[in-house]
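Below: protein_10.cif (mmCIF, C-alpha atoms)
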```cif
data_model
#
loop_
_atom_site.label_atom_id
_atom_site.label_comp_id
_atom_site.auth_asym_id
_atom_site.auth_seq_id
_atom_site.Cartn_x
_atom_site.Cartn_y
_atom_site.Cartn_z
CA MET A 1 -0.64 -32.82 -2.78
CA ALA A 2 1.59 -32.60 -5.83
CA LYS A 3 4.57 -30.42 -6.69
CA TYR A 4 4.85 -28.31 -9.84
CA ASN A 5 7.33 -25.96 -11.51
CA VAL A 6 5.70 -23.11 -13.42
CA SER A 7 7.49 -20.46 -15.47
CA ALA A 8 6.99 -17.68 -17.98
CA GLY A 9 9.22 -18.39 -20.95
CA HIS A 10 10.95 -15.05 -21.47
CA ASN A 11 12.68 -12.12 -19.80
CA PRO A 12 10.60 -9.24 -18.34
CA PRO A 13 9.16 -6.64 -20.75
CA GLY A 14 11.70 -4.20 -22.13
CA LYS A 15 14.69 -6.52 -21.65
CA THR A 16 16.45 -8.61 -24.25
CA ALA A 17 14.64 -11.83 -25.17
CA CYS A 18 11.36 -10.59 -23.73
CA GLY A 19 9.14 -12.46 -26.18
CA ALA A 20 6.63 -11.52 -28.85
CA VAL A 21 4.73 -8.24 -28.88
CA GLY A 22 1.61 -7.39 -30.84
CA PHE A 23 -1.83 -6.59 -29.54
CA LEU A 24 -0.58 -8.41 -26.46
CA ASP A 25 2.83 -8.35 -24.76
CA GLU A 26 3.85 -11.99 -24.29
CA SER A 27 6.17 -11.38 -21.38
CA LYS A 28 3.71 -9.25 -19.45
CA GLU A 29 0.71 -11.53 -19.93
CA ALA A 30 2.66 -14.75 -19.34
CA ARG A 31 3.81 -13.43 -15.98
CA LEU A 32 0.27 -12.50 -14.98
CA ILE A 33 -0.95 -15.97 -15.94
CA VAL A 34 1.93 -17.70 -14.14
CA LYS A 35 1.33 -15.75 -10.95
CA GLU A 36 -2.37 -16.65 -10.98
CA ILE A 37 -1.72 -20.32 -11.80
CA ILE A 38 0.66 -20.53 -8.85
CA ARG A 39 -1.87 -18.86 -6.55
CA LEU A 40 -4.64 -21.24 -7.63
CA LEU A 41 -2.53 -24.37 -7.32
CA LYS A 42 -1.35 -23.33 -3.87
CA SER A 43 -4.94 -22.62 -2.82
CA ALA A 44 -5.72 -26.22 -3.79
CA GLY A 45 -2.97 -27.47 -1.48
CA HIS A 46 -0.18 -28.09 -3.99
CA LYS A 47 3.45 -27.05 -3.68
CA VAL A 48 4.43 -24.77 -6.55
CA TYR A 49 7.74 -23.20 -7.56
CA ASP A 50 8.06 -20.15 -9.80
CA CYS A 51 10.96 -20.88 -12.15
CA THR A 52 10.63 -17.70 -14.22
CA CYS A 53 13.88 -15.98 -15.19
CA ASN A 54 14.13 -12.18 -14.85
CA ASN A 55 17.80 -11.57 -15.61
CA GLY A 56 18.73 -13.53 -18.73
CA LYS A 57 21.45 -12.09 -20.96
CA SER A 58 19.97 -13.71 -24.10
CA GLN A 59 17.12 -16.05 -24.98
CA GLY A 60 19.48 -18.99 -24.63
CA ASP A 61 20.57 -17.76 -21.22
CA VAL A 62 16.93 -17.29 -20.17
CA LEU A 63 16.13 -20.88 -21.13
CA LYS A 64 19.20 -22.27 -19.36
CA LYS A 65 18.32 -20.42 -16.16
CA ILE A 66 14.68 -21.57 -16.27
CA VAL A 67 15.74 -25.18 -16.81
CA ALA A 68 18.31 -24.95 -14.03
CA LYS A 69 15.62 -23.79 -11.61
CA CYS A 70 13.27 -26.56 -12.72
CA ASN A 71 15.90 -29.25 -12.37
CA LYS A 72 16.66 -28.39 -8.76
CA ARG A 73 13.79 -30.59 -7.64
CA THR A 74 11.63 -33.50 -8.66
CA VAL A 75 8.04 -32.47 -9.39
CA ALA A 76 4.96 -33.93 -11.04
CA MET A 77 5.32 -31.61 -14.01
CA ASP A 78 7.13 -28.57 -15.40
CA ILE A 79 4.85 -26.05 -17.10
CA SER A 80 6.06 -23.17 -19.28
CA ILE A 81 3.66 -20.40 -20.31
CA HIS A 82 4.03 -18.61 -23.64
CA LEU A 83 1.93 -16.59 -26.07
CA ASN A 84 2.21 -17.44 -29.75
CA SER A 85 2.88 -15.25 -32.79
CA GLY A 86 2.84 -15.53 -36.56
CA ARG A 87 -0.77 -14.90 -37.49
CA ASN A 88 -0.29 -11.21 -38.28
CA ASP A 89 -4.06 -10.73 -38.35
CA LYS A 90 -4.30 -7.03 -37.59
CA LYS A 91 -7.82 -6.46 -38.90
CA GLY A 92 -9.44 -9.60 -37.53
CA ASP A 93 -10.77 -12.39 -39.71
CA GLU A 94 -13.38 -13.61 -37.19
CA LYS A 95 -11.31 -16.75 -36.56
CA ILE A 96 -9.78 -17.56 -33.18
CA ALA A 97 -6.27 -18.94 -33.75
CA GLY A 98 -6.31 -20.48 -30.30
CA THR A 99 -4.24 -22.58 -27.92
CA GLU A 100 -1.71 -25.35 -28.41
CA VAL A 101 0.33 -27.50 -26.03
CA TRP A 102 3.80 -28.78 -26.87
CA CYS A 103 5.71 -31.74 -25.45
CA THR A 104 8.42 -34.14 -26.58
CA ASP A 105 5.97 -37.04 -26.70
CA ALA A 106 2.19 -36.94 -26.41
CA ALA A 107 1.78 -39.67 -23.84
CA GLY A 108 0.90 -40.21 -20.20
CA VAL A 109 0.39 -37.24 -17.89
CA LYS A 110 1.65 -34.78 -20.50
CA LYS A 111 -0.99 -35.82 -23.01
CA ASP A 112 -3.71 -35.99 -20.37
CA ALA A 113 -2.91 -32.57 -18.89
CA GLY A 114 -2.52 -31.04 -22.35
CA ASN A 115 -5.90 -32.28 -23.50
CA ARG A 116 -7.60 -31.11 -20.32
CA ILE A 117 -6.06 -27.66 -20.68
CA LEU A 118 -7.15 -27.42 -24.31
CA LYS A 119 -10.65 -28.57 -23.41
CA ASN A 120 -10.90 -25.92 -20.71
CA MET A 121 -9.55 -23.23 -23.02
CA LYS A 122 -12.07 -24.23 -25.68
CA LYS A 123 -14.84 -23.61 -23.15
CA LEU A 124 -13.55 -20.04 -22.94
CA GLY A 125 -13.75 -19.77 -26.74
CA PHE A 126 -10.17 -20.52 -27.79
CA THR A 127 -9.67 -22.91 -30.70
CA ASN A 128 -8.11 -26.25 -29.76
CA ARG A 129 -4.95 -26.47 -31.86
CA GLY A 130 -4.02 -29.77 -30.25
CA VAL A 131 -1.27 -31.41 -28.24
CA LYS A 132 1.79 -31.29 -30.49
CA THR A 133 5.17 -32.97 -30.30
CA THR A 134 8.59 -31.57 -31.09
CA GLY A 135 12.24 -32.33 -30.51
CA GLY A 136 13.36 -28.79 -31.16
CA LEU A 137 12.58 -26.86 -27.97
CA TYR A 138 15.38 -26.44 -25.43
CA TYR A 139 13.03 -26.23 -22.46
CA LEU A 140 11.32 -29.53 -23.28
CA ASN A 141 14.56 -31.28 -24.16
CA HIS A 142 16.49 -30.33 -21.03
CA THR A 143 14.00 -30.38 -18.16
CA ALA A 144 14.47 -33.47 -16.02
CA ASN A 145 10.77 -33.70 -15.11
CA LYS A 146 7.87 -34.31 -17.45
CA ALA A 147 7.25 -30.99 -19.15
CA ILE A 148 4.72 -29.18 -21.31
CA LEU A 149 4.86 -25.80 -23.01
CA ILE A 150 1.58 -23.92 -23.45
CA GLU A 151 1.01 -21.34 -26.19
CA VAL A 152 -2.03 -19.57 -24.78
CA CYS A 153 -3.07 -17.58 -27.85
CA PHE A 154 -1.59 -15.36 -30.59
CA VAL A 155 -0.31 -11.90 -29.67
CA ASP A 156 -0.69 -10.67 -33.27
CA ASP A 157 -4.21 -11.94 -33.92
CA LYS A 158 -6.94 -9.36 -33.29
CA ASP A 159 -9.59 -12.00 -32.67
CA ASP A 160 -7.43 -13.80 -30.11
CA TYR A 161 -6.62 -10.50 -28.46
CA GLU A 162 -10.27 -9.48 -28.14
CA LEU A 163 -11.25 -12.86 -26.69
CA TYR A 164 -8.32 -12.85 -24.28
CA LYS A 165 -9.19 -9.37 -23.01
CA LYS A 166 -12.84 -10.36 -22.72
CA VAL A 167 -12.28 -13.46 -20.57
CA GLY A 168 -9.23 -12.08 -18.72
CA TYR A 169 -5.96 -13.65 -17.68
CA LYS A 170 -7.45 -15.02 -14.46
CA ALA A 171 -9.96 -17.17 -16.35
CA VAL A 172 -7.15 -18.38 -18.62
CA ALA A 173 -4.99 -19.22 -15.61
CA LYS A 174 -7.83 -21.13 -13.98
CA ALA A 175 -8.46 -23.12 -17.16
CA ILE A 176 -4.79 -24.09 -17.20
CA ALA A 177 -4.49 -24.78 -13.47
CA GLU A 178 -7.57 -27.03 -13.46
CA GLY A 179 -6.24 -28.78 -16.54
CA ILE A 180 -2.94 -29.43 -14.80
CA VAL A 181 -4.50 -31.07 -11.74
CA GLY A 182 -7.47 -32.61 -13.55
CA ASP A 183 -10.03 -31.22 -11.14
CA LYS A 184 -12.00 -28.11 -10.26
CA ILE A 185 -10.23 -25.67 -7.98
CA THR A 186 -12.57 -24.17 -5.41
CA GLU A 187 -10.85 -21.59 -3.30
CA LYS A 188 -11.46 -21.56 0.42
CA GLN A 189 -13.07 -18.36 1.62
CA PRO A 190 -10.95 -16.84 4.35
CA TYR A 191 -12.81 -16.06 7.54
CA THR A 192 -12.61 -12.67 9.18
CA SER A 193 -12.10 -12.21 12.92
CA ILE A 194 -14.13 -9.16 13.87
CA LYS A 195 -13.76 -7.28 17.12
CA LYS A 196 -14.89 -3.80 18.07
CA ILE A 197 -11.52 -2.51 16.96
CA SER A 198 -11.77 -4.25 13.57
CA SER A 199 -11.72 -2.40 10.27
CA LYS A 200 -14.83 -0.75 8.95
CA GLU A 201 -14.95 -3.08 5.94
CA ALA A 202 -14.78 -6.16 8.17
CA ILE A 203 -17.70 -4.93 10.26
CA LYS A 204 -19.69 -4.17 7.10
CA TRP A 205 -19.08 -7.75 5.99
CA MET A 206 -20.37 -9.12 9.30
CA GLN A 207 -23.45 -6.86 9.27
CA LYS A 208 -24.31 -8.02 5.76
CA GLN A 209 -23.91 -11.70 6.69
CA LEU A 210 -25.98 -11.28 9.87
CA ASN A 211 -28.79 -9.79 7.80
CA ILE A 212 -28.72 -12.92 5.64
CA CYS A 213 -28.22 -15.57 8.32
CA TYR A 214 -30.24 -14.25 11.27
CA THR A 215 -33.88 -15.43 11.05
CA GLY A 216 -35.35 -13.73 14.11
CA LYS A 217 -37.51 -10.63 14.55
CA LEU A 218 -34.84 -7.96 14.86
CA PRO A 219 -34.81 -5.48 11.94
CA ASN A 220 -32.01 -5.63 9.38
CA LEU A 221 -28.83 -3.81 10.22
CA THR A 222 -27.55 -0.83 8.31
CA THR A 223 -24.28 -2.00 6.76
CA ASP A 224 -22.37 1.12 7.77
CA GLY A 225 -19.31 -0.49 9.34
CA ILE A 226 -20.11 0.98 12.76
CA TRP A 227 -20.22 -1.40 15.71
CA GLY A 228 -23.23 -0.19 17.66
CA SER A 229 -25.76 -1.63 20.06
CA LYS A 230 -27.97 -2.97 17.24
CA THR A 231 -25.06 -4.88 15.68
CA GLN A 232 -24.12 -6.34 19.06
CA ALA A 233 -27.76 -7.28 19.73
CA MET A 234 -28.14 -9.12 16.43
CA LEU A 235 -24.82 -10.86 16.92
CA GLU A 236 -25.95 -12.14 20.30
CA ALA A 237 -29.33 -13.14 18.86
CA TYR A 238 -27.56 -15.07 16.11
CA TRP A 239 -25.47 -16.94 18.68
CA LYS A 240 -28.71 -17.82 20.50
CA GLN A 241 -30.21 -18.96 17.18
CA LEU A 242 -27.27 -21.34 16.77
CA GLY A 243 -27.60 -22.56 20.35
CA TRP A 244 -24.28 -21.03 21.37
CA LYS A 245 -23.31 -19.28 24.59
CA LYS A 246 -23.08 -15.51 24.61
CA GLY A 247 -19.67 -14.13 23.70
CA SER A 248 -18.13 -10.68 23.33
CA TYR A 249 -17.02 -10.52 19.68
CA ALA A 250 -17.26 -12.36 16.36
CA GLY A 251 -14.27 -14.65 16.07
CA LYS A 252 -13.29 -17.47 13.75
CA LYS A 253 -16.17 -19.76 14.74
CA THR A 254 -18.83 -17.09 14.20
CA CYS A 255 -17.43 -15.85 10.90
CA THR A 256 -17.10 -19.39 9.57
CA ALA A 257 -20.76 -20.01 10.44
CA LEU A 258 -21.83 -16.74 8.81
CA TYR A 259 -20.01 -17.62 5.62
CA LYS A 260 -21.29 -21.20 5.54
CA ASN A 261 -24.91 -20.42 6.38
CA ARG A 262 -25.26 -17.55 3.92
CA LYS A 263 -25.09 -20.11 1.07
CA LYS A 264 -28.19 -21.95 2.25
#
```
Would you mind writing the file out in C-alpha cells?
Amino acid sequence: MAKYNVSAGHNPPGKTACGAVGFLDESKEARLIVKEIIRLLKSAGHKVYDCTCNNGKSQGDVLKKIVAKCNKRTVAMDISIHLNSGRNDKKGDEKIAGTEVWCTDAAGVKKDAGNRILKNMKKLGFTNRGVKTTGGLYYLNHTANKAILIEVCFVDDKDDYELYKKVGYKAVAKAIAEGIVGDKITEKQPYTSIKKISSKEAIKWMQKQLNICYTGKLPNLTTDGIWGSKTQAMLEAYWKQLGWKKGSYAGKKTCTALYKNRKK
C-alpha cells in the first residue's frame, strides 16, 4: 500500500482563480477526475488524501493552501490535475492537442509515472505531449514530496473536447490512476447480503445470478424482485449443488459464490 496526495489545481467553478474555461470547465472536470482517481486508488488498497482547495482568495492563495495540505504528510507522490488552454481551436482542426505531464526533473518515479500516464492516455486517443520539466510552477517547487502536474487536455480545443466527452472523465481518471501505481486496477465487486426483507433490486440480482449459476432441472426464475417459493427452492438447490447445508437466506458466502461462479 502506498500513500498519495491528489488535488485539483484551482478554486471551484464561479470563484476567483477557478481555472480555464472553454468547451470544458477546468475546475469542474478536474474535480470529477480527482474524485474518481481517489476512489480508484482507494479501491486498490492505497491511502489517498484530497488536497484540493475550495476557498482560496486568489490563485496564489489556492496554490499555497494546496501545498500546505500536501506537506502535512510524507507520501509516495503528489499529483495535481489540470486542464490546459491556449489552442483556441473553436472549429476543430482534426488534431488532438493531448496530454502533458510536468515536473521539476524528469527522473525516477516522476518520469516513470508520467510516461505510464501518457501511454495510457494515448490508448484513449490523446496525443502524448511528453513529460516536461520546469522550474516555474509554484506547486512543483514547494511540495515536499515528489510531485507531478498533469494537463489532461485542452479546454479550448474542439477535438480534445469531443474526445474527452466521448471517453468520459472516468476513463481518463482510470488511465491516470493506473499510471500512478504502474498496474491495472481491478475493483472488487461488493457482495450483497439478501434476506427476505432485502430490497427488490437485491433480490433481482440474486435471481439473475441463480439463473446463471444453477445447473439443475428447475426452470429459470422470473427476475421480478419478489422472494417467492420458486426463488427459495432454487436457492436451496444451488446450496445442494455446491455441497452446502441448507440455510434460510443468501448471505455473504452465497452471494460471493454467485458472483464468482457467474464468470465461469
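In this structure, atom CA of A:Lys69 sits 19.9 Å away from atom CA of A:Lys110.
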Residues returned when the PyMOL selection byres ((chain A and resi 118) around 12) runs on this file, as a ChimeraX atom specification: /A:98-102,111-117,119-132,150-153,172,175-180,182
Produce a file of the selected residues containing C-alpha atoms, as a CSV table (one decimal), in the coordinates of the input.
```
chain,number,residue,atom,x,y,z
A,98,GLY,CA,-6.3,-20.5,-30.3
A,99,THR,CA,-4.2,-22.6,-27.9
A,100,GLU,CA,-1.7,-25.4,-28.4
A,101,VAL,CA,0.3,-27.5,-26.0
A,102,TRP,CA,3.8,-28.8,-26.9
A,111,LYS,CA,-1.0,-35.8,-23.0
A,112,ASP,CA,-3.7,-36.0,-20.4
A,113,ALA,CA,-2.9,-32.6,-18.9
A,114,GLY,CA,-2.5,-31.0,-22.4
A,115,ASN,CA,-5.9,-32.3,-23.5
A,116,ARG,CA,-7.6,-31.1,-20.3
A,117,ILE,CA,-6.1,-27.7,-20.7
A,119,LYS,CA,-10.6,-28.6,-23.4
A,120,ASN,CA,-10.9,-25.9,-20.7
A,121,MET,CA,-9.6,-23.2,-23.0
A,122,LYS,CA,-12.1,-24.2,-25.7
A,123,LYS,CA,-14.8,-23.6,-23.2
A,124,LEU,CA,-13.6,-20.0,-22.9
A,125,GLY,CA,-13.8,-19.8,-26.7
A,126,PHE,CA,-10.2,-20.5,-27.8
A,127,THR,CA,-9.7,-22.9,-30.7
A,128,ASN,CA,-8.1,-26.2,-29.8
A,129,ARG,CA,-5.0,-26.5,-31.9
A,130,GLY,CA,-4.0,-29.8,-30.2
A,131,VAL,CA,-1.3,-31.4,-28.2
A,132,LYS,CA,1.8,-31.3,-30.5
A,150,ILE,CA,1.6,-23.9,-23.4
A,151,GLU,CA,1.0,-21.3,-26.2
A,152,VAL,CA,-2.0,-19.6,-24.8
A,153,CYS,CA,-3.1,-17.6,-27.8
A,172,VAL,CA,-7.2,-18.4,-18.6
A,175,ALA,CA,-8.5,-23.1,-17.2
A,176,ILE,CA,-4.8,-24.1,-17.2
A,177,ALA,CA,-4.5,-24.8,-13.5
A,178,GLU,CA,-7.6,-27.0,-13.5
A,179,GLY,CA,-6.2,-28.8,-16.5
A,180,ILE,CA,-2.9,-29.4,-14.8
A,182,GLY,CA,-7.5,-32.6,-13.6
```
Using only C-alpha atoms: which of A:Leu149, A:Asn88, A:Cys70, A:Met206 has the shortest distance to A:Lys252: A:Met206
Exercise: stretch 220-237 of chain A partners within 7 Å, all atoms listed in the file, chain neighbours under 4 positions left out, as a count of residues only: 10
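The smallest atom-to-atom distance between A:Ala250 and any of A:Arg87, A:Trp205, A:Ile96, A:Lys65, using all atoms listed in the file, is found for A:Trp205.
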Residues selected by the PyMOL selection byres ((chain A and resi 20-30) around 12), written as a PyMOL selection string: chain A and resi 6-19+31-37+52-54+79-92+149-165+168-170+172-173
Nearest candidate to A:Ala76 (options A:Met1, A:Leu242, A:Thr215, A:Gln209; using all atoms listed in the file): A:Met1
Long-range neighbours of A:Tyr4 as a CSV table (one decimal) with C-alpha atoms, keeping the file's coordinate frame, 8 Å cut-off, all atoms listed in the file, 6 positions minimum in chain:
```csv
chain,number,residue,atom,x,y,z
A,46,HIS,CA,-0.2,-28.1,-4.0
A,47,LYS,CA,3.4,-27.0,-3.7
A,48,VAL,CA,4.4,-24.8,-6.6
A,49,TYR,CA,7.7,-23.2,-7.6
A,75,VAL,CA,8.0,-32.5,-9.4
A,76,ALA,CA,5.0,-33.9,-11.0
A,77,MET,CA,5.3,-31.6,-14.0
A,78,ASP,CA,7.1,-28.6,-15.4
A,79,ILE,CA,4.8,-26.0,-17.1
```
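Note that atom CA of A:Thr133 and atom CA of A:Lys174 are 24.0 Å apart.
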Nearest-residue call for A:Cys213, choices A:Asn145, A:Ser58, A:Cys255, A:Ile185, using only C-alpha atoms: A:Cys255
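Closest approach to A:Leu210 among A:Ala2, A:Asn141, A:Ala257, A:Glu187 is made by A:Ala257 (distances from all atoms listed in the file).
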Rebuild stretch 16-33 of chain A so that it carries N, CA and C atoms, then output the result as a PDB file, in the frame of the given file.
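What follows is the written file rebuild24.pdb:
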```
ATOM      1  N   THR A  16      16.160  -7.726 -23.127  1.00  0.00           N
ATOM      2  CA  THR A  16      16.450  -8.610 -24.250  1.00  0.00           C
ATOM      3  C   THR A  16      15.730  -9.938 -24.076  1.00  0.00           C
ATOM      4  N   ALA A  17      15.315 -10.527 -25.197  1.00  0.00           N
ATOM      5  CA  ALA A  17      14.640 -11.830 -25.170  1.00  0.00           C
ATOM      6  C   ALA A  17      13.369 -11.799 -24.335  1.00  0.00           C
ATOM      7  N   CYS A  18      12.575 -10.740 -24.527  1.00  0.00           N
ATOM      8  CA  CYS A  18      11.360 -10.590 -23.730  1.00  0.00           C
ATOM      9  C   CYS A  18      10.108 -11.124 -24.428  1.00  0.00           C
ATOM     10  N   GLY A  19      10.281 -11.815 -25.552  1.00  0.00           N
ATOM     11  CA  GLY A  19       9.140 -12.460 -26.180  1.00  0.00           C
ATOM     12  C   GLY A  19       8.452 -11.621 -27.232  1.00  0.00           C
ATOM     13  N   ALA A  20       7.361 -12.161 -27.750  1.00  0.00           N
ATOM     14  CA  ALA A  20       6.630 -11.520 -28.850  1.00  0.00           C
ATOM     15  C   ALA A  20       5.748 -10.384 -28.346  1.00  0.00           C
ATOM     16  N   VAL A  21       5.584  -9.387 -29.199  1.00  0.00           N
ATOM     17  CA  VAL A  21       4.730  -8.240 -28.880  1.00  0.00           C
ATOM     18  C   VAL A  21       3.840  -7.945 -30.064  1.00  0.00           C
ATOM     19  N   GLY A  22       2.570  -7.766 -29.810  1.00  0.00           N
ATOM     20  CA  GLY A  22       1.610  -7.390 -30.840  1.00  0.00           C
ATOM     21  C   GLY A  22       0.483  -6.645 -30.169  1.00  0.00           C
ATOM     22  N   PHE A  23      -0.734  -7.138 -30.326  1.00  0.00           N
ATOM     23  CA  PHE A  23      -1.830  -6.590 -29.540  1.00  0.00           C
ATOM     24  C   PHE A  23      -1.593  -6.884 -28.056  1.00  0.00           C
ATOM     25  N   LEU A  24      -0.931  -7.994 -27.808  1.00  0.00           N
ATOM     26  CA  LEU A  24      -0.580  -8.410 -26.460  1.00  0.00           C
ATOM     27  C   LEU A  24       0.937  -8.452 -26.307  1.00  0.00           C
ATOM     28  N   ASP A  25       1.413  -8.227 -25.090  1.00  0.00           N
ATOM     29  CA  ASP A  25       2.830  -8.350 -24.760  1.00  0.00           C
ATOM     30  C   ASP A  25       3.021  -9.712 -24.101  1.00  0.00           C
ATOM     31  N   GLU A  26       3.696 -10.620 -24.789  1.00  0.00           N
ATOM     32  CA  GLU A  26       3.850 -11.990 -24.290  1.00  0.00           C
ATOM     33  C   GLU A  26       4.429 -12.046 -22.887  1.00  0.00           C
ATOM     34  N   SER A  27       5.499 -11.325 -22.670  1.00  0.00           N
ATOM     35  CA  SER A  27       6.170 -11.380 -21.380  1.00  0.00           C
ATOM     36  C   SER A  27       5.276 -10.914 -20.251  1.00  0.00           C
ATOM     37  N   LYS A  28       4.593  -9.818 -20.469  1.00  0.00           N
ATOM     38  CA  LYS A  28       3.710  -9.250 -19.450  1.00  0.00           C
ATOM     39  C   LYS A  28       2.569 -10.204 -19.123  1.00  0.00           C
ATOM     40  N   GLU A  29       1.879 -10.679 -20.153  1.00  0.00           N
ATOM     41  CA  GLU A  29       0.710 -11.530 -19.930  1.00  0.00           C
ATOM     42  C   GLU A  29       1.100 -12.893 -19.369  1.00  0.00           C
ATOM     43  N   ALA A  30       2.208 -13.442 -19.845  1.00  0.00           N
ATOM     44  CA  ALA A  30       2.660 -14.750 -19.340  1.00  0.00           C
ATOM     45  C   ALA A  30       2.935 -14.679 -17.846  1.00  0.00           C
ATOM     46  N   ARG A  31       3.533 -13.583 -17.404  1.00  0.00           N
ATOM     47  CA  ARG A  31       3.810 -13.430 -15.980  1.00  0.00           C
ATOM     48  C   ARG A  31       2.542 -13.309 -15.152  1.00  0.00           C
ATOM     49  N   LEU A  32       1.561 -12.602 -15.679  1.00  0.00           N
ATOM     50  CA  LEU A  32       0.270 -12.500 -14.980  1.00  0.00           C
ATOM     51  C   LEU A  32      -0.377 -13.880 -14.855  1.00  0.00           C
ATOM     52  N   ILE A  33      -0.347 -14.632 -15.936  1.00  0.00           N
ATOM     53  CA  ILE A  33      -0.950 -15.970 -15.940  1.00  0.00           C
ATOM     54  C   ILE A  33      -0.212 -16.893 -14.978  1.00  0.00           C
TER      55      ILE A  33
END
```
